[in-house]
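Novice: What follows is my_file31.txt, made up of compact mmCIF, C-alpha atoms and all ligand atoms:
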```
# COMPACT_ATOMS: atom_id res chain seq x y z
CA MET A 992 0.00 0.00 0.00
CA ARG A 993 1.27 3.42 -0.96
CA ILE A 994 -1.13 5.81 0.67
CA VAL A 995 -1.66 9.56 0.82
CA LEU A 996 -3.85 10.69 3.69
CA LEU A 997 -5.53 14.06 3.20
CA GLY A 998 -7.60 16.16 5.54
CA PRO A 999 -7.70 19.48 7.34
CA PRO A 1000 -5.77 20.16 10.55
CA GLY A 1001 -7.97 18.96 13.37
CA ALA A 1002 -9.46 16.08 11.33
CA GLY A 1003 -7.66 13.45 13.38
CA LYS A 1004 -5.36 12.62 10.48
CA GLY A 1005 -2.35 11.89 12.68
CA THR A 1006 -4.32 9.48 14.88
CA GLN A 1007 -5.67 7.58 11.89
CA ALA A 1008 -2.21 7.54 10.32
CA LEU A 1009 -0.80 5.77 13.39
CA LEU A 1010 -3.56 3.17 13.39
CA ILE A 1011 -3.23 2.49 9.66
CA THR A 1012 0.55 2.14 9.69
CA LYS A 1013 0.40 -0.19 12.66
CA LYS A 1014 -2.27 -2.41 11.14
CA TYR A 1015 -0.68 -2.64 7.69
CA ALA A 1016 2.94 -2.54 8.92
CA ILE A 1017 4.11 0.30 6.70
CA PRO A 1018 6.19 3.36 7.64
CA HIS A 1019 4.32 6.49 8.74
CA ILE A 1020 5.91 9.46 7.03
CA SER A 1021 4.72 12.69 8.62
CA THR A 1022 6.38 15.76 7.18
CA GLY A 1023 5.21 17.84 10.15
CA GLU A 1024 6.93 15.39 12.49
CA ILE A 1025 10.12 15.31 10.42
CA LEU A 1026 10.28 19.12 10.46
CA ARG A 1027 9.49 19.44 14.20
CA GLU A 1028 12.22 16.89 14.94
CA GLN A 1029 14.73 19.02 13.02
CA VAL A 1030 13.60 22.13 14.91
CA ALA A 1031 14.06 20.31 18.24
CA LEU A 1032 17.53 19.16 17.18
CA GLN A 1033 18.37 22.74 16.14
CA SER A 1034 19.88 21.35 12.96
CA PRO A 1035 20.64 23.78 10.09
CA LEU A 1036 17.37 22.67 8.47
CA GLY A 1037 15.49 23.10 11.76
CA LEU A 1038 16.84 26.60 12.30
CA LYS A 1039 15.86 27.50 8.77
CA VAL A 1040 12.21 26.37 9.06
CA LYS A 1041 11.36 27.21 12.69
CA ALA A 1042 9.83 30.64 12.04
CA THR A 1043 7.75 29.25 9.16
CA LEU A 1044 6.35 26.43 11.30
CA ASP A 1045 5.62 28.75 14.22
CA ALA A 1046 3.67 31.07 11.91
CA GLY A 1047 1.63 28.19 10.48
CA GLU A 1048 2.94 28.87 6.97
CA LEU A 1049 4.18 26.23 4.54
CA VAL A 1050 7.87 25.64 3.93
CA THR A 1051 8.87 25.78 0.26
CA ASP A 1052 7.91 23.00 -2.11
CA ASP A 1053 11.52 22.40 -3.16
CA LEU A 1054 12.67 21.99 0.42
CA ILE A 1055 9.94 19.58 1.46
CA MET A 1056 10.21 17.56 -1.76
CA ALA A 1057 13.95 17.09 -1.29
CA ILE A 1058 13.22 15.74 2.18
CA ILE A 1059 10.50 13.39 0.99
CA LYS A 1060 12.51 12.11 -1.97
CA ASP A 1061 15.31 11.06 0.42
CA ARG A 1062 12.85 9.49 2.81
CA LEU A 1063 11.11 7.47 0.09
CA GLU A 1064 14.45 6.06 -1.04
CA ARG A 1065 15.03 4.41 2.32
CA PRO A 1066 14.65 0.62 2.23
CA ASP A 1067 11.68 0.47 4.61
CA CYS A 1068 9.53 2.16 1.94
CA ALA A 1069 9.89 -0.87 -0.33
CA LYS A 1070 6.98 -2.48 1.51
CA GLY A 1071 4.79 0.61 1.08
CA PHE A 1072 4.25 3.82 3.04
CA LEU A 1073 1.71 6.28 4.30
CA LEU A 1074 2.25 9.98 3.61
CA ASP A 1075 0.76 12.31 6.22
CA GLY A 1076 1.09 16.05 5.64
CA ILE A 1077 2.35 15.77 2.10
CA PRO A 1078 1.45 16.66 -0.63
CA ARG A 1079 0.07 19.97 0.56
CA THR A 1080 0.04 21.97 -2.66
CA ILE A 1081 -0.85 21.06 -6.24
CA ASN A 1082 2.79 21.61 -7.15
CA GLN A 1083 3.86 19.09 -4.48
CA SER A 1084 1.35 16.55 -5.88
CA GLU A 1085 2.82 16.93 -9.34
CA MET A 1086 6.37 16.64 -8.02
CA LEU A 1087 5.40 13.57 -5.99
CA ASP A 1088 3.86 11.94 -9.08
CA VAL A 1089 7.15 12.39 -10.93
CA ILE A 1090 9.20 10.90 -8.09
CA LEU A 1091 6.88 7.91 -7.76
CA ALA A 1092 6.58 7.36 -11.52
CA ARG A 1093 10.37 7.25 -11.85
CA ALA A 1094 10.52 4.61 -9.14
CA ALA A 1095 7.60 2.73 -10.73
CA THR A 1096 5.78 2.90 -7.39
CA PRO A 1097 2.58 4.92 -8.00
CA LEU A 1098 0.15 5.68 -5.21
CA THR A 1099 -2.39 2.95 -4.51
CA HIS A 1100 -4.78 4.97 -2.31
CA VAL A 1101 -5.58 8.62 -1.73
CA VAL A 1102 -7.88 8.90 1.27
CA GLN A 1103 -9.43 12.17 2.33
CA ILE A 1104 -10.81 12.46 5.86
CA THR A 1105 -13.68 14.90 5.57
CA VAL A 1106 -14.82 17.06 8.46
CA PRO A 1107 -17.26 19.97 8.02
CA GLN A 1108 -15.70 23.42 8.27
CA GLN A 1109 -17.86 24.37 11.27
CA VAL A 1110 -16.68 21.34 13.23
CA ILE A 1111 -13.03 22.27 12.59
CA MET A 1112 -13.73 25.88 13.60
CA ASP A 1113 -15.34 24.70 16.84
CA ARG A 1114 -12.39 22.41 17.57
CA ILE A 1115 -9.95 25.26 16.95
CA LYS A 1116 -11.94 27.55 19.21
CA SER A 1117 -12.01 25.05 22.04
CA ARG A 1118 -8.24 24.86 21.43
CA GLY A 1119 -5.74 22.09 21.81
CA VAL A 1120 -8.07 19.66 20.07
CA ALA A 1121 -6.89 20.82 16.68
CA SER A 1122 -3.30 20.00 17.55
CA GLN A 1123 -1.31 17.30 19.22
CA GLY A 1124 -0.47 19.62 22.12
CA GLY A 1125 2.88 20.89 23.28
CA ARG A 1126 3.57 22.28 19.86
CA SER A 1127 4.77 25.82 19.28
CA ASP A 1128 2.21 26.19 16.47
CA ASP A 1129 -0.82 25.10 18.49
CA SER A 1130 -2.21 28.40 19.75
CA ALA A 1131 -5.80 28.95 18.62
CA GLU A 1132 -4.66 31.84 16.46
CA VAL A 1133 -1.98 29.88 14.59
CA ALA A 1134 -4.29 26.87 14.32
CA ALA A 1135 -6.90 29.09 12.67
CA HIS A 1136 -4.26 30.38 10.29
CA ARG A 1137 -3.12 26.83 9.48
CA TYR A 1138 -6.70 26.03 8.62
CA GLN A 1139 -6.89 29.00 6.24
CA VAL A 1140 -3.65 27.87 4.61
CA TYR A 1141 -5.21 24.41 4.26
CA LEU A 1142 -8.33 25.83 2.58
CA THR A 1143 -6.39 27.87 0.04
CA GLN A 1144 -3.38 25.65 -0.66
CA THR A 1145 -4.30 22.05 0.19
CA ALA A 1146 -8.08 21.64 -0.22
CA PRO A 1147 -7.72 21.92 -4.05
CA LEU A 1148 -5.81 18.60 -3.99
CA ALA A 1149 -9.11 16.74 -3.61
CA ALA A 1150 -10.13 17.84 -7.10
CA PHE A 1151 -6.65 17.03 -8.42
CA TYR A 1152 -6.91 13.42 -7.26
CA ARG A 1153 -10.60 13.15 -8.09
CA ASP A 1154 -9.72 14.00 -11.70
CA GLN A 1155 -7.29 11.06 -11.65
CA ASP A 1156 -10.11 8.93 -10.29
CA CYS A 1157 -8.21 7.88 -7.20
CA LEU A 1158 -9.75 9.95 -4.41
CA ARG A 1159 -11.70 8.14 -1.72
CA GLU A 1160 -13.51 10.21 0.92
CA VAL A 1161 -14.12 9.06 4.46
CA ASP A 1162 -16.46 10.76 6.92
CA GLY A 1163 -14.22 12.01 9.74
CA VAL A 1164 -17.05 12.71 12.20
CA GLY A 1165 -17.39 9.95 14.79
CA THR A 1166 -15.20 8.12 17.28
CA VAL A 1167 -11.60 7.24 16.44
CA ASP A 1168 -12.65 3.59 16.03
CA GLU A 1169 -15.59 4.43 13.79
CA VAL A 1170 -13.47 6.55 11.49
CA PHE A 1171 -10.73 3.89 11.46
CA GLU A 1172 -13.22 1.25 10.39
CA ARG A 1173 -14.35 3.45 7.49
CA VAL A 1174 -10.74 4.03 6.48
CA CYS A 1175 -9.95 0.30 6.53
CA ARG A 1176 -12.97 -0.46 4.41
CA VAL A 1177 -11.72 1.98 1.78
CA LEU A 1178 -8.15 0.62 1.95
CA GLU A 1179 -9.33 -2.93 1.58
CA GLY A 1180 -11.45 -1.94 -1.38
CA ALA A 1181 -14.79 -2.95 0.09
P1 LIG B 1 -1.16 19.82 10.88
O1 LIG B 1 -1.14 19.41 12.30
O2 LIG B 1 -1.73 21.17 10.66
O3 LIG B 1 -1.73 18.77 9.97
P2 LIG B 1 1.61 19.10 10.23
O4 LIG B 1 2.03 18.50 11.52
O5 LIG B 1 1.39 18.18 9.08
O6 LIG B 1 0.34 20.06 10.42
O7 LIG B 1 2.70 20.20 9.77
C1 LIG B 1 3.10 21.23 10.63
C2 LIG B 1 3.82 22.32 9.84
O8 LIG B 1 4.93 21.76 9.12
C3 LIG B 1 2.97 23.01 8.77
O9 LIG B 1 2.17 24.02 9.31
C4 LIG B 1 4.05 23.52 7.83
O10 LIG B 1 4.68 24.67 8.33
C5 LIG B 1 5.08 22.41 7.83
N1 LIG B 1 4.83 21.40 6.78
C6 LIG B 1 4.51 20.08 6.98
N2 LIG B 1 4.34 19.44 5.82
C7 LIG B 1 4.54 20.36 4.84
C8 LIG B 1 4.50 20.33 3.42
N3 LIG B 1 4.20 19.20 2.75
N4 LIG B 1 4.76 21.47 2.74
C9 LIG B 1 5.05 22.59 3.38
N5 LIG B 1 5.11 22.71 4.72
C10 LIG B 1 4.86 21.61 5.46
```
Let me see the structure of the file written as structure tokens.
Ligand code: ADP
Specialist:
Amino acid sequence: MRIVLLGPPGAGKGTQALLITKKYAIPHISTGEILREQVALQSPLGLKVKATLDAGELVTDDLIMAIIKDRLERPDCAKGFLLDGIPRTINQSEMLDVILARAATPLTHVVQITVPQQVIMDRIKSRGVASQGGRSDDSAEVAAHRYQVYLTQTAPLAAFYRDQDCLREVDGVGTVDEVFERVCRVLEGA
């Protein structure tokens, strides 16, 4: 399985990603996590992207694609992978397609977790729910901004993948287990 998981911040994408990668024994590749790790390490990359992350803006496509290309070349990805947090722009989707086509490993599933805008707004307002906590980008204000960035930059990806006939939507409202069951049904092609 070579999966892209899409969905707005606050949709519970990270939680579902963990459950999926555990069940299907594939690596969980979260670009947000990779970047936060670099920030914590204060590596040259981390120092470069910290302000961008804290502001809830996107790092550049070239930078994130270089990171993901390296990551996908690691041997553990031979058995499949789940991408969480990438692609996030149409340009990233196109660049990802090129990388995967060259490796003859196209995506097998694009799953979008759908949550109504009002539900996300409520979660952001009640704060903390929209983020994993303890993050420097998890104030309500930055979370709201990240959601706006999602709407303008990332939401258009649904149409991009729908045009390629590979988008599957899953209702993200419900308990973690309920949503996971819906996701598994889509992944197993039922
Ligand atoms: P969220 O919790 O909103 O889903 P992530 O944990 O996926 O966010 O990412 C956190 C931050 O890392 C983003 O706000 C952005 O600054 C940066 N980032 C992660 N993935 C990407 C990407 N594919 N392109 C650009 N920036 C990214």
Novice: Could you check which of A:Arg1176, A:Thr1166, A:Leu1049, A:Phe1072 is closest to ligand LIG 1 (chain B), using only C-alpha atoms and all ligand atoms?
Specialist: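 Nearest to ligand LIG 1 (chain B): A:Leu1049.
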Novice: Report the closest atom pair, with its distance in Å rounded to one decimal, for each residue of chain A that has an atom no farther than 9 Å from ligand LIG 1 (chain B); count only C-alpha atoms and all ligand atoms, sort by chain and then rising residue number, and write it as JSON lines.
Specialist:
```
{"residue": "A:Gly998", "atom": "CA", "partner": "B:LIG1", "partner_atom": "O3", "distance": 7.8}
{"residue": "A:Pro999", "atom": "CA", "partner": "B:LIG1", "partner_atom": "O3", "distance": 6.6}
{"residue": "A:Pro1000", "atom": "CA", "partner": "B:LIG1", "partner_atom": "O2", "distance": 4.2}
{"residue": "A:Gly1001", "atom": "CA", "partner": "B:LIG1", "partner_atom": "O1", "distance": 6.9}
{"residue": "A:Ala1002", "atom": "CA", "partner": "B:LIG1", "partner_atom": "O3", "distance": 8.3}
{"residue": "A:Gly1003", "atom": "CA", "partner": "B:LIG1", "partner_atom": "O3", "distance": 8.7}
{"residue": "A:Lys1004", "atom": "CA", "partner": "B:LIG1", "partner_atom": "O3", "distance": 7.2}
{"residue": "A:Gly1005", "atom": "CA", "partner": "B:LIG1", "partner_atom": "O3", "distance": 7.4}
{"residue": "A:Ser1021", "atom": "CA", "partner": "B:LIG1", "partner_atom": "O5", "distance": 6.4}
{"residue": "A:Thr1022", "atom": "CA", "partner": "B:LIG1", "partner_atom": "N2", "distance": 4.4}
{"residue": "A:Gly1023", "atom": "CA", "partner": "B:LIG1", "partner_atom": "O7", "distance": 3.5}
{"residue": "A:Glu1024", "atom": "CA", "partner": "B:LIG1", "partner_atom": "O4", "distance": 5.9}
{"residue": "A:Ile1025", "atom": "CA", "partner": "B:LIG1", "partner_atom": "C6", "distance": 8.1}
{"residue": "A:Leu1026", "atom": "CA", "partner": "B:LIG1", "partner_atom": "O8", "distance": 6.1}
{"residue": "A:Arg1027", "atom": "CA", "partner": "B:LIG1", "partner_atom": "O8", "distance": 7.2}
{"residue": "A:Val1040", "atom": "CA", "partner": "B:LIG1", "partner_atom": "O10", "distance": 7.8}
{"residue": "A:Lys1041", "atom": "CA", "partner": "B:LIG1", "partner_atom": "O10", "distance": 8.4}
{"residue": "A:Ala1042", "atom": "CA", "partner": "B:LIG1", "partner_atom": "O10", "distance": 8.7}
{"residue": "A:Thr1043", "atom": "CA", "partner": "B:LIG1", "partner_atom": "O10", "distance": 5.6}
{"residue": "A:Leu1044", "atom": "CA", "partner": "B:LIG1", "partner_atom": "O10", "distance": 3.8}
{"residue": "A:Asp1045", "atom": "CA", "partner": "B:LIG1", "partner_atom": "O10", "distance": 7.2}
{"residue": "A:Ala1046", "atom": "CA", "partner": "B:LIG1", "partner_atom": "O10", "distance": 7.4}
{"residue": "A:Gly1047", "atom": "CA", "partner": "B:LIG1", "partner_atom": "O9", "distance": 4.4}
{"residue": "A:Glu1048", "atom": "CA", "partner": "B:LIG1", "partner_atom": "O10", "distance": 4.7}
{"residue": "A:Leu1049", "atom": "CA", "partner": "B:LIG1", "partner_atom": "N5", "distance": 3.6}
{"residue": "A:Val1050", "atom": "CA", "partner": "B:LIG1", "partner_atom": "N5", "distance": 4.1}
{"residue": "A:Thr1051", "atom": "CA", "partner": "B:LIG1", "partner_atom": "C9", "distance": 5.9}
{"residue": "A:Asp1052", "atom": "CA", "partner": "B:LIG1", "partner_atom": "N4", "distance": 6.0}
{"residue": "A:Leu1054", "atom": "CA", "partner": "B:LIG1", "partner_atom": "C9", "distance": 8.2}
{"residue": "A:Ile1055", "atom": "CA", "partner": "B:LIG1", "partner_atom": "N4", "distance": 5.7}
{"residue": "A:Met1056", "atom": "CA", "partner": "B:LIG1", "partner_atom": "N3", "distance": 7.7}
{"residue": "A:Ile1059", "atom": "CA", "partner": "B:LIG1", "partner_atom": "N3", "distance": 8.7}
{"residue": "A:Asp1075", "atom": "CA", "partner": "B:LIG1", "partner_atom": "O5", "distance": 6.6}
{"residue": "A:Gly1076", "atom": "CA", "partner": "B:LIG1", "partner_atom": "O5", "distance": 4.1}
{"residue": "A:Ile1077", "atom": "CA", "partner": "B:LIG1", "partner_atom": "N3", "distance": 4.0}
{"residue": "A:Pro1078", "atom": "CA", "partner": "B:LIG1", "partner_atom": "N3", "distance": 5.0}
{"residue": "A:Arg1079", "atom": "CA", "partner": "B:LIG1", "partner_atom": "N3", "distance": 4.7}
{"residue": "A:Thr1080", "atom": "CA", "partner": "B:LIG1", "partner_atom": "N4", "distance": 7.2}
{"residue": "A:Gln1083", "atom": "CA", "partner": "B:LIG1", "partner_atom": "N3", "distance": 7.2}
{"residue": "A:Ala1121", "atom": "CA", "partner": "B:LIG1", "partner_atom": "O1", "distance": 7.4}
{"residue": "A:Ser1122", "atom": "CA", "partner": "B:LIG1", "partner_atom": "O1", "distance": 5.7}
{"residue": "A:Gln1123", "atom": "CA", "partner": "B:LIG1", "partner_atom": "O1", "distance": 7.2}
{"residue": "A:Asp1128", "atom": "CA", "partner": "B:LIG1", "partner_atom": "O9", "distance": 7.5}
{"residue": "A:Asp1129", "atom": "CA", "partner": "B:LIG1", "partner_atom": "O1", "distance": 8.4}
{"residue": "A:Val1133", "atom": "CA", "partner": "B:LIG1", "partner_atom": "O9", "distance": 8.9}
{"residue": "A:Ala1134", "atom": "CA", "partner": "B:LIG1", "partner_atom": "O2", "distance": 7.2}
{"residue": "A:Arg1137", "atom": "CA", "partner": "B:LIG1", "partner_atom": "O2", "distance": 5.9}
{"residue": "A:Tyr1138", "atom": "CA", "partner": "B:LIG1", "partner_atom": "O2", "distance": 7.2}
{"residue": "A:Val1140", "atom": "CA", "partner": "B:LIG1", "partner_atom": "O9", "distance": 8.4}
{"residue": "A:Tyr1141", "atom": "CA", "partner": "B:LIG1", "partner_atom": "O2", "distance": 8.0}
```
Novice: Hey, which of A:Ser1130, A:Ser1084, A:Gln1139, A:Gln1108 ends up closest to Tyr1152 in chain A? Count all atoms listed in the file.
Specialist: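 Closest to Tyr1152 in chain A of all the choices is A:Ser1084.
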Novice: What's the 9 Å shell around Lys1070 in chain A, counting all atoms listed in the file, without same-chain residues fewer than 3 positions away, as a PyMOL selection string?
Specialist: chain A and resi 992-993+1016-1018+1066-1067
Novice: For Thr1099 in chain A, work out the shell of residues within 10 Å, counting all atoms listed in the file and skipping chain neighbours fewer than 4 positions away, then give it as a PyMOL selection string.
Specialist: chain A and resi 992-995+1071+1157+1178
Novice: Report the distance between CA of Val1174 in chain A and CA of Ala1131 in chain A in Å, rounded to one decimal place.
Specialist: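 Computing it gives 28.2 Å between the two atoms.
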Novice: May I ask which of the residues A:Leu1038, A:Leu1032, A:Val1101, A:Met1112 is the closest one to Glu1160 in chain A, counting only C-alpha atoms?
Specialist: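 Smallest separation from Glu1160 in chain A among the options: A:Val1101.
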Novice: What does the distance from CA of Pro1035 in chain A to CA of Leu1073 in chain A come to in Å, to one decimal?
Specialist: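 CA of Leu1073 in chain A lies 26.4 Å from CA of Pro1035 in chain A.
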Novice: Do you have the CA of Ala1057 in chain A-CA of Thr1012 in chain A distance handy?
Specialist: 22.9 Å
